[in-house]
Structure formats: C-alpha cells, structure tokens
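With compact mmCIF, C-alpha atoms inside, this is run_15.txt:
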# COMPACT_ATOMS: atom_id res chain seq x y z
CA MET A 177 0.00 0.00 0.00
CA HIS A 178 1.42 3.35 -1.04
CA ARG A 179 1.55 6.12 1.53
CA TYR A 180 -0.55 9.13 0.51
CA TYR A 181 1.70 12.17 0.86
CA LEU A 182 1.36 15.75 -0.31
CA LYS A 183 3.97 18.49 -0.27
CA HIS A 184 2.93 21.49 1.79
CA LEU A 185 1.93 23.53 -1.28
CA ARG A 186 -0.29 20.71 -2.50
CA GLU A 187 -1.81 20.47 1.00
CA LEU A 188 -2.62 24.18 0.92
CA GLU A 189 -3.98 23.82 -2.60
CA ALA A 190 -6.22 20.90 -1.56
CA GLU A 191 -7.50 22.81 1.49
CA SER A 192 -8.33 25.91 -0.59
CA ILE A 193 -10.09 23.91 -3.30
CA TYR A 194 -12.13 22.17 -0.59
CA VAL A 195 -13.19 25.57 0.82
CA ILE A 196 -14.10 26.90 -2.66
CA ARG A 197 -16.22 23.82 -3.39
CA GLU A 198 -17.84 24.15 0.05
CA VAL A 199 -18.79 27.75 -0.80
CA TYR A 200 -20.37 26.63 -4.07
CA ALA A 201 -22.30 23.91 -2.22
CA GLN A 202 -23.53 26.07 0.67
CA PHE A 203 -24.36 29.43 -0.92
CA ASN A 204 -27.01 30.30 -3.49
CA ASN A 205 -25.08 33.01 -5.34
CA PRO A 206 -21.34 33.17 -4.56
CA CYS A 207 -18.76 35.40 -6.23
CA LEU A 208 -15.00 35.91 -6.21
CA LEU A 209 -13.61 39.33 -5.26
CA PHE A 210 -10.85 40.11 -7.77
CA SER A 211 -8.42 42.98 -7.23
CA GLY A 212 -5.83 42.03 -9.86
CA GLY A 213 -3.26 41.30 -7.14
CA LYS A 214 -1.38 38.03 -6.73
CA ASP A 215 -3.70 36.68 -4.01
CA SER A 216 -6.89 37.06 -6.02
CA ILE A 217 -5.05 35.67 -9.06
CA ILE A 218 -4.09 32.60 -7.00
CA LEU A 219 -7.69 32.32 -5.82
CA THR A 220 -8.99 32.47 -9.40
CA HIS A 221 -6.47 29.83 -10.43
CA LEU A 222 -7.65 27.56 -7.58
CA ALA A 223 -11.30 28.12 -8.54
CA LYS A 224 -10.44 27.12 -12.09
CA LYS A 225 -8.85 23.89 -10.81
CA ALA A 226 -11.77 23.23 -8.45
CA PHE A 227 -14.30 22.99 -11.29
CA TRP A 228 -12.16 21.93 -14.24
CA PRO A 229 -13.04 21.09 -17.02
CA ALA A 230 -16.15 23.25 -16.44
CA ARG A 231 -15.78 27.02 -16.30
CA VAL A 232 -15.56 28.92 -13.04
CA PRO A 233 -19.28 28.90 -12.07
CA PHE A 234 -19.46 32.32 -10.42
CA PRO A 235 -18.55 35.88 -11.46
CA LEU A 236 -15.41 37.81 -10.65
CA VAL A 237 -16.18 41.10 -8.89
CA HIS A 238 -13.77 44.00 -9.23
CA ILE A 239 -14.20 47.28 -7.35
CA ASP A 240 -12.72 49.82 -9.73
CA THR A 241 -11.42 52.82 -7.76
CA GLY A 242 -10.54 54.76 -10.92
CA HIS A 243 -6.97 55.10 -9.62
CA ASN A 244 -5.77 51.65 -10.65
CA PHE A 245 -2.51 50.85 -12.37
CA PRO A 246 -3.30 50.55 -16.12
CA GLU A 247 -1.41 47.25 -16.11
CA THR A 248 -3.87 45.88 -13.53
CA ILE A 249 -6.93 46.63 -15.65
CA GLU A 250 -5.28 45.22 -18.78
CA PHE A 251 -4.39 42.03 -16.89
CA ARG A 252 -7.92 41.73 -15.43
CA ASP A 253 -9.62 42.03 -18.81
CA ALA A 254 -7.25 39.56 -20.49
CA LEU A 255 -7.73 37.00 -17.70
CA VAL A 256 -11.52 37.28 -17.74
CA GLU A 257 -11.56 36.78 -21.51
CA LYS A 258 -9.20 33.80 -21.23
CA LEU A 259 -11.37 32.15 -18.56
CA GLY A 260 -14.65 32.99 -20.25
CA ALA A 261 -15.78 34.25 -16.86
CA GLN A 262 -18.40 36.86 -16.02
CA LEU A 263 -17.01 40.16 -14.69
CA VAL A 264 -18.96 42.46 -12.38
CA VAL A 265 -17.43 45.92 -11.86
CA GLY A 266 -18.34 48.23 -8.99
CA SER A 267 -17.34 51.84 -9.60
CA VAL A 268 -15.98 54.07 -6.83
CA GLN A 269 -16.21 57.11 -9.13
CA LYS A 270 -19.92 56.38 -9.63
CA ALA A 271 -20.38 56.08 -5.84
CA ILE A 272 -18.65 59.47 -5.38
CA ASP A 273 -20.71 61.10 -8.14
CA GLU A 274 -23.92 59.82 -6.52
CA GLY A 275 -22.88 61.06 -3.08
CA LYS A 276 -22.59 57.56 -1.61
CA ALA A 277 -18.83 57.90 -0.99
CA SER A 278 -16.58 60.83 -0.15
CA GLU A 279 -13.49 61.93 -2.06
CA GLU A 280 -10.61 62.61 0.31
CA LYS A 281 -8.60 65.81 -0.14
CA GLY A 282 -4.93 66.61 0.31
CA ALA A 283 -1.60 65.13 -0.68
CA ASP A 284 -2.22 61.82 1.10
CA ALA A 285 -5.78 61.39 -0.20
CA SER A 286 -6.80 57.81 -0.85
CA ARG A 287 -9.85 56.13 -2.33
CA ASN A 288 -9.39 53.02 -0.20
CA ALA A 289 -12.24 53.71 2.23
CA ALA A 290 -14.42 54.90 -0.67
CA GLN A 291 -14.41 51.34 -1.98
CA ILE A 292 -16.74 50.22 0.81
CA PRO A 293 -20.04 51.69 -0.54
CA ALA A 294 -19.25 50.43 -4.06
CA LEU A 295 -18.45 46.95 -2.76
CA LEU A 296 -21.55 46.71 -0.57
CA GLU A 297 -23.74 48.02 -3.39
CA ALA A 298 -22.34 45.42 -5.82
CA ILE A 299 -23.02 42.64 -3.28
CA GLU A 300 -26.55 43.85 -2.59
CA ALA A 301 -27.49 44.60 -6.21
CA ASN A 302 -26.36 41.16 -7.37
CA LYS A 303 -27.64 39.39 -4.24
CA PHE A 304 -24.30 37.72 -3.60
CA ASP A 305 -24.44 35.70 -0.39
CA GLY A 306 -20.89 34.32 -0.36
CA ALA A 307 -18.02 36.59 -1.45
CA MET A 308 -14.61 34.90 -1.61
CA GLY A 309 -11.52 37.04 -1.16
CA GLY A 310 -7.76 36.52 -1.22
CA ALA A 311 -7.00 37.77 2.30
CA ARG A 312 -4.37 35.79 4.22
CA ARG A 313 -3.77 35.57 7.96
CA ASP A 314 -0.08 36.48 7.69
CA GLU A 315 -0.73 39.87 6.03
CA GLU A 316 -1.67 41.89 9.13
CA LYS A 317 -3.42 41.56 12.47
CA ALA A 318 -7.01 42.32 11.41
CA ARG A 319 -6.81 39.47 8.92
CA ALA A 320 -5.00 37.17 11.33
CA LYS A 321 -8.11 36.62 13.45
CA GLU A 322 -10.44 35.95 10.52
CA ARG A 323 -11.99 32.54 10.05
CA PHE A 324 -12.48 30.88 6.66
CA PHE A 325 -16.19 31.75 6.76
CA SER A 326 -16.71 35.28 8.10
CA HIS A 327 -20.27 36.46 8.76
CA ARG A 328 -21.48 39.92 7.65
CA ASP A 329 -24.75 41.42 8.88
CA GLU A 330 -27.49 42.99 6.75
CA PHE A 331 -25.39 46.19 6.54
CA GLY A 332 -22.33 44.27 5.33
CA GLN A 333 -20.53 44.86 8.61
CA TRP A 334 -18.36 42.47 10.61
CA ASP A 335 -19.32 41.73 14.21
CA PRO A 336 -17.10 39.30 16.15
CA LYS A 337 -20.06 38.19 18.29
CA ASN A 338 -21.76 36.75 15.20
CA GLN A 339 -18.87 34.59 14.06
CA ARG A 340 -19.62 30.89 13.59
CA PRO A 341 -17.31 28.38 15.24
CA GLU A 342 -15.20 26.39 12.82
CA LEU A 343 -14.62 22.90 14.16
CA TRP A 344 -12.05 20.87 12.27
CA ASN A 345 -12.99 21.41 8.60
CA LEU A 346 -16.71 21.97 9.18
CA PHE A 347 -17.96 25.34 7.94
CA ASN A 348 -21.25 26.97 8.88
CA GLY A 349 -22.67 29.37 6.30
CA LYS A 350 -26.04 29.81 8.04
CA LYS A 351 -27.34 33.35 7.60
CA SER A 352 -30.54 35.38 7.70
CA TYR A 353 -32.09 37.18 4.73
CA GLY A 354 -29.91 40.08 3.57
CA GLU A 355 -26.78 38.84 5.34
CA HIS A 356 -23.79 37.37 3.59
CA PHE A 357 -20.43 35.76 4.25
CA ARG A 358 -16.92 36.72 3.26
CA VAL A 359 -14.83 33.60 2.69
CA PHE A 360 -11.04 33.39 2.61
CA PRO A 361 -9.92 30.11 0.98
CA ILE A 362 -6.18 30.97 1.08
CA SER A 363 -6.24 32.19 4.66
CA ASN A 364 -3.53 29.73 5.76
CA TRP A 365 -1.08 30.68 2.99
CA THR A 366 1.95 32.90 3.56
CA GLU A 367 3.48 35.37 1.11
CA MET A 368 6.25 32.85 0.45
CA ASP A 369 3.69 30.08 -0.21
CA VAL A 370 2.00 32.32 -2.77
CA TRP A 371 5.21 33.03 -4.66
CA GLN A 372 6.35 29.41 -4.60
CA TYR A 373 2.94 28.29 -5.85
CA ILE A 374 3.01 30.85 -8.67
CA LEU A 375 6.38 29.41 -9.68
CA LEU A 376 5.20 25.81 -9.30
CA GLU A 377 2.05 26.32 -11.38
CA ASN A 378 3.60 28.83 -13.82
CA ILE A 379 0.78 31.31 -13.13
CA GLU A 380 0.76 34.52 -15.12
CA ILE A 381 0.90 37.72 -13.01
CA PRO A 382 0.98 41.46 -13.87
CA SER A 383 4.32 42.90 -14.95
CA LEU A 384 4.20 45.30 -11.98
CA TYR A 385 5.45 42.52 -9.70
CA PHE A 386 8.74 42.27 -11.60
CA ALA A 387 11.55 44.81 -11.43
CA HIS A 388 11.16 47.54 -14.02
CA GLU A 389 12.07 51.20 -14.49
CA ARG A 390 9.40 53.69 -13.38
CA ASP A 391 9.06 57.37 -12.47
CA VAL A 392 8.49 57.48 -8.71
CA ILE A 393 8.17 59.99 -5.87
CA LEU A 394 9.96 59.33 -2.57
CA ARG A 395 7.54 60.02 0.29
CA ASP A 396 7.94 58.93 3.93
CA GLY A 397 10.55 56.36 2.93
CA GLN A 398 8.32 54.81 0.23
CA TYR A 399 8.45 55.13 -3.54
CA LEU A 400 5.02 56.01 -4.98
CA SER A 401 4.34 55.78 -8.68
CA ASP A 402 4.19 59.20 -10.33
CA SER A 403 0.78 59.67 -11.93
CA GLU A 404 -1.98 62.19 -12.57
CA PHE A 405 -3.74 60.90 -9.44
CA LEU A 406 -0.87 61.60 -7.04
CA ASN A 407 -1.04 65.01 -5.36
CA LYS A 408 2.58 66.09 -5.05
CA LYS A 409 3.79 67.90 -1.96
CA ASP A 410 6.11 70.91 -2.17
CA GLY A 411 9.58 69.86 -3.21
CA GLU A 412 8.60 66.40 -4.43
CA VAL A 413 10.18 65.61 -7.80
CA ALA A 414 9.82 62.42 -9.81
CA GLU A 415 12.93 60.32 -10.35
CA ARG A 416 13.60 57.24 -12.47
CA LYS A 417 14.18 54.07 -10.42
CA GLN A 418 14.20 50.33 -10.96
CA VAL A 419 11.44 49.10 -8.69
CA ARG A 420 8.79 46.44 -8.25
CA PHE A 421 5.60 46.11 -6.17
CA ARG A 422 4.92 43.49 -3.49
CA THR A 423 1.21 44.28 -3.17
CA MET A 424 -1.31 45.68 -5.62
CA GLY A 425 -3.53 48.60 -4.69
CA ASP A 426 -4.21 52.07 -5.97
CA LEU A 427 -1.48 54.15 -7.61
CA THR A 428 -1.69 56.66 -4.76
CA ILE A 429 -1.10 54.29 -1.84
CA THR A 430 0.96 51.34 -3.09
CA GLY A 431 4.63 51.69 -2.29
CA ALA A 432 7.32 50.23 -4.54
CA VAL A 433 10.66 48.80 -3.45
CA GLU A 434 13.97 49.17 -5.25
CA SER A 435 14.72 45.78 -6.72
CA ASP A 436 16.46 43.88 -9.48
CA ALA A 437 14.15 40.86 -9.10
CA ASP A 438 12.95 40.37 -12.67
CA THR A 439 12.17 36.65 -12.38
CA LEU A 440 10.07 34.56 -9.99
CA GLU A 441 13.19 32.88 -8.64
CA LYS A 442 14.74 36.26 -7.79
CA ILE A 443 11.49 37.46 -6.18
CA ILE A 444 11.43 34.38 -3.92
CA GLU A 445 15.04 35.05 -2.90
CA GLU A 446 14.19 38.68 -2.19
CA VAL A 447 11.09 37.85 -0.10
CA ALA A 448 13.10 35.28 1.88
CA SER A 449 15.76 37.81 2.83
CA THR A 450 13.79 41.02 3.39
CA ARG A 451 13.04 42.38 6.88
CA VAL A 452 10.21 44.62 5.63
CA THR A 453 6.69 43.26 5.96
CA GLU A 454 4.62 42.63 2.85
CA ARG A 455 2.21 45.51 3.55
CA GLY A 456 4.92 47.78 4.91
CA GLY A 457 4.66 49.76 1.67
CA ARG A 458 0.90 50.38 1.90
CA ALA A 459 0.27 53.95 3.02
CA ASP A 460 -3.36 53.17 3.91
CA ASP A 461 -2.28 50.60 6.53
CA LYS A 462 -0.12 53.20 8.30
CA ARG A 463 -2.88 55.67 9.08
CA SER A 464 -3.56 54.12 12.48
CA GLU A 465 -3.01 50.91 14.44
CA SER A 466 -6.59 49.88 13.73
CA ALA A 467 -6.90 51.12 10.13
CA MET A 468 -7.71 47.73 8.61
CA GLU A 469 -9.86 46.67 11.56
CA ASP A 470 -11.95 49.84 11.26
CA ARG A 471 -12.48 49.31 7.53
CA LYS A 472 -13.39 45.67 8.08
CA LYS A 473 -16.16 46.64 10.53
CA GLN A 474 -17.53 49.05 7.91
CA GLY A 475 -17.72 46.34 5.26
CA TYR A 476 -14.26 46.33 3.68
CA PHE A 477 -12.45 43.11 2.63

Show me, as structure tokens, the structure contained in the file I just sent.
Amino acid sequence: MHRYYLKHLRELEAESIYVIREVYAQFNNPCLLFSGGKDSIILTHLAKKAFWPARVPFPLVHIDTGHNFPETIEFRDALVEKLGAQLVVGSVQKAIDEGKASEEKGADASRNAAQIPALLEAIEANKFDGAMGGARRDEEKARAKERFFSHRDEFGQWDPKNQRPELWNLFNGKKSYGEHFRVFPISNWTEMDVWQYILLENIEIPSLYFAHERDVILRDGQYLSDSEFLNKKDGEVAERKQVRFRTMGDLTITGAVESDADTLEKIIEEVASTRVTERGGRADDKRSESAMEDRKKQGYF
C-alpha cells in the first residue's frame, strides 16, 4: 500500500479547493472578489482547478477605484476573456458622483475607504451571499483573526459576536435574509507560499510585480508611482528608479521597493531575505493601528 503524501503547497492547494467547493455547495449566489493582485489571481487559479473542465461557475467582482494601475486593468480584462468568466465591476467614481462615498482631499488622499459603498452596493445589487476574497492571515493583524467563513450582517458589517465556530474542517454558512459571508480560501497561505505556488504552477501575473524602471516619488521612505492621481507635496520631484511592487492597490497608496528581481526565482530570494513586511509599503495601513480593523467593521475586505 502506497503512503498518501502531499507536499505542503499541495496540501494548501487541496484545502483551498475544498473551501471553494464548500462555498459553491452552501451558498445560493457566490462570487470571487478580484483585485488584480497576486492573491486574487491565485484564488482564481484555484477556482479554475476546483471545477475543471467546467468554467468557473461564479462571477469575478472587481471594485474599480478609478486610480488603478493601467497594467492591472489590462491584466484583469485579459484573464476574464481567457477564462470565459463573467465580470462584475463596482465603480468608486460612480459612488462618489452619486454622493454615496466621499473623495478625500490633500496630498495623502486615498480612495481606499471609498471602496466600501461600491463593494456593498455590488453585493446587494447582485444578491451575492458568499463573497470569496484573497486575504491571508499572515498579512496583518485584522486578517489574522479571521476565520475561513466570516459572517457579515445585513449592513455588510463584521461583528465578532456573530462569528460561527469552525470545528475541524466543518464550515457553517447559516445566515438570515440580507446577510452574507466573506470567505477566505487561502487564509492559511503565507506570502512565500503564494510566490512558490506561482512558480510551481507557472501562473501569469501582472508585470508590476517584476523589477522595471518607473518614475516614482519618494515620500515617507516609500516610492510612490508618479501619476496624474498623485497630489505632489512641495519639493517632491519624480525620479527614475528600478522598482517592483509586493502588493497591488491604488497608484496613490501602493509603495514600490527598489529591486532587481525580474524573475520569480529572484522574487522568492528577495522575499526570503527582506526584513520589511509585505504591507509595509501600503500607506493606507499606516494611518492608524486599527486602520484595517476599522475598515473591516464598515464592510471592507
């Protein structure tokens, strides 16, 4: 009798596929939240494997802030066409124009919090009751205490008192009318797991993750991409640097790192040796100790 043995990446893959299939079995109208970053790309890849040879049986939902990297939108559209998947887009600009979200002012203005009304409206309008996301426990503390199945009330808000216990691999998606769940199938993955899996499966990712030359502004120790959306402070001048991005968010808040990692192997070496956290370059996470926790309670991620 042969011993059944899986490498740790295959164990993580099997766990995530199990969670994705459990979502499809338990919820009436699930969706996959797609940001264009590596975690949601991994999640889409796992969903594809979970239902192969059939197509991914639920739509991808992207909340378009209007301040995205052009490369992210190009990658999103190409991937959706390749998969033959349905794409639902929630517009932050539309939410601002309709007075449902506020546009921040000033040099450090961000549209991160303004995503919340657009996201909740997309979930309500399409009656999604299970929204899968690519959040991982190792990213930061608000995500570290999330369960695989995370309950949201009728206002889309997170309340720790309403969380369902998760015993072994049993998941409870019981909800009342108007409520929904956020589900995190790759919750147990680390940043290193993600990169090693991308290499193992030869998964295509946006060019922004690889070292390239770009005009950037140095602000508070972080390089921000120079763009029409970035409000420059006095004395700030763009300079040409070879950089890459470790996370994928808006142009105005996503910090780049100087790097010569232009291959997946070099990225893995760089991640293994760095002492800077993955989200250390995200300006929105630095606003307060509870920045992510506050947004989560309002309906974010």

note = From the list A:Leu375, A:Ala290, A:Ala298, A:Ala190, the nearest residue to Ile444 (chain A) using only C-alpha atoms is A:Leu375

ask   = What residues have an atom no more than 12 Å from (-18.4, 25.4, 6.4) in the file's own frame, counting all atoms listed in the file, and can you write them as a PyMOL selection string?
value = chain A and resi 194-203+306+323-327+339-350+357-361

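Comparing A:Ile249, A:Val447, A:Ala387, A:Val392 by their smallest distance to Arg420 (chain A), the closest is A:Ala387 (using only C-alpha atoms).
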
ask   = When distances are computed from only C-alpha atoms, which of A:Arg395, A:Arg390, A:Lys258, A:His184 shows the smallest separation from Val370 (chain A)?
value =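 Using only C-alpha atoms, the shortest distance to Val370 (chain A) belongs to A:His184.
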
Which residue of A:Phe245, A:Trp371, A:Tyr353, A:Trp334 approaches Ile217 (chain A) most closely, using only C-alpha atoms =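 Looking only at the distances to Ile217 (chain A), the closest residue turns out to be A:Trp371.
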
request  = Work out how far CA of Glu389 (chain A) is from CA of Gln418 (chain A), in Å to one decimal.
outcome  = 4.2 Å

Pick from A:Glu355, A:Trp365, A:Ala230, A:Ala311, whichever lies nearest to Gln333 (chain A) using only C-alpha atoms =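 Result for the nearest residue to Gln333 (chain A): A:Glu355.
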
task = May I have the residues within 8 Å of Asn364 (chain A) as a PyMOL selection string, using all atoms listed in the file and disregarding those fewer than 6 positions away in the same chain?
result = chain A and resi 188+312-314

For CA of Ala283 (chain A) and CA of Val413 (chain A), the interatomic separation in Å (one decimal) =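 CA of Val413 (chain A) lies 13.8 Å from CA of Ala283 (chain A).
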
Which residue of A:Gln291, A:Ser383, A:Ser403, A:Asn244 approaches Ala271 (chain A) most closely, using only C-alpha atoms =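 Among the listed residues, the smallest separation from Ala271 (chain A) belongs to A:Gln291.
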
message = Rounded to one decimal, what separation in Å do you get between CA of Thr241 (chain A) and CA of Leu394 (chain A)?
response =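 Atom-to-atom, CA of Thr241 (chain A) and CA of Leu394 (chain A) are spaced 22.9 Å apart.
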
message = So that I can check the surroundings of Ile272 (chain A), please list as a PyMOL selection string every protein, DNA and RNA residue that reaches within 10 Å of it, counting all atoms listed in the file and ignoring chain neighbours fewer than 4 positions away.
response = chain A and resi 267-268+276-279+287+290-291+293-294

Can you patch up region 374-394 of chain A, filling it in to N, CA and C atoms, and show the result as a compact mmCIF listing (two decimals), in the coordinates of the input?
# COMPACT_ATOMS: atom_id res chain seq x y z
N ILE A 374 3.01 30.20 -7.35
CA ILE A 374 3.01 30.85 -8.67
C ILE A 374 4.10 30.25 -9.55
N LEU A 375 5.28 30.03 -8.94
CA LEU A 375 6.38 29.41 -9.68
C LEU A 375 6.05 27.96 -10.05
N LEU A 376 5.52 27.22 -9.08
CA LEU A 376 5.20 25.81 -9.30
C LEU A 376 4.17 25.62 -10.41
N GLU A 377 3.15 26.47 -10.42
CA GLU A 377 2.05 26.32 -11.38
C GLU A 377 2.23 27.19 -12.63
N ASN A 378 3.33 27.94 -12.66
CA ASN A 378 3.60 28.83 -13.82
C ASN A 378 2.41 29.75 -14.09
N ILE A 379 1.96 30.44 -13.04
CA ILE A 379 0.78 31.31 -13.13
C ILE A 379 1.20 32.69 -13.62
N GLU A 380 0.46 33.19 -14.57
CA GLU A 380 0.76 34.52 -15.12
C GLU A 380 0.35 35.60 -14.12
N ILE A 381 1.19 36.62 -13.93
CA ILE A 381 0.90 37.72 -13.01
C ILE A 381 1.23 39.04 -13.71
N PRO A 382 0.69 40.16 -13.23
CA PRO A 382 0.98 41.46 -13.87
C PRO A 382 2.47 41.80 -13.83
N SER A 383 2.90 42.53 -14.84
CA SER A 383 4.32 42.90 -14.95
C SER A 383 4.79 43.78 -13.80
N LEU A 384 3.84 44.41 -13.09
CA LEU A 384 4.20 45.30 -11.98
C LEU A 384 4.96 44.58 -10.87
N TYR A 385 4.78 43.28 -10.76
CA TYR A 385 5.45 42.52 -9.70
C TYR A 385 6.93 42.31 -9.98
N PHE A 386 7.33 42.48 -11.24
CA PHE A 386 8.74 42.27 -11.60
C PHE A 386 9.46 43.62 -11.68
N ALA A 387 10.75 43.59 -11.40
CA ALA A 387 11.55 44.81 -11.43
C ALA A 387 11.49 45.47 -12.80
N HIS A 388 11.24 46.78 -12.79
CA HIS A 388 11.16 47.54 -14.02
C HIS A 388 11.46 49.00 -13.71
N GLU A 389 11.80 49.78 -14.72
CA GLU A 389 12.07 51.20 -14.49
C GLU A 389 10.76 51.98 -14.49
N ARG A 390 10.65 52.94 -13.54
CA ARG A 390 9.40 53.69 -13.38
C ARG A 390 9.73 55.04 -12.76
N ASP A 391 8.94 56.06 -13.11
CA ASP A 391 9.06 57.37 -12.47
C ASP A 391 8.33 57.32 -11.12
N VAL A 392 9.05 57.61 -10.05
CA VAL A 392 8.49 57.48 -8.71
C VAL A 392 8.79 58.74 -7.88
N ILE A 393 7.98 58.90 -6.83
CA ILE A 393 8.17 59.99 -5.87
C ILE A 393 8.52 59.36 -4.52
N LEU A 394 9.59 59.84 -3.89
CA LEU A 394 9.96 59.33 -2.57
C LEU A 394 9.18 60.10 -1.51
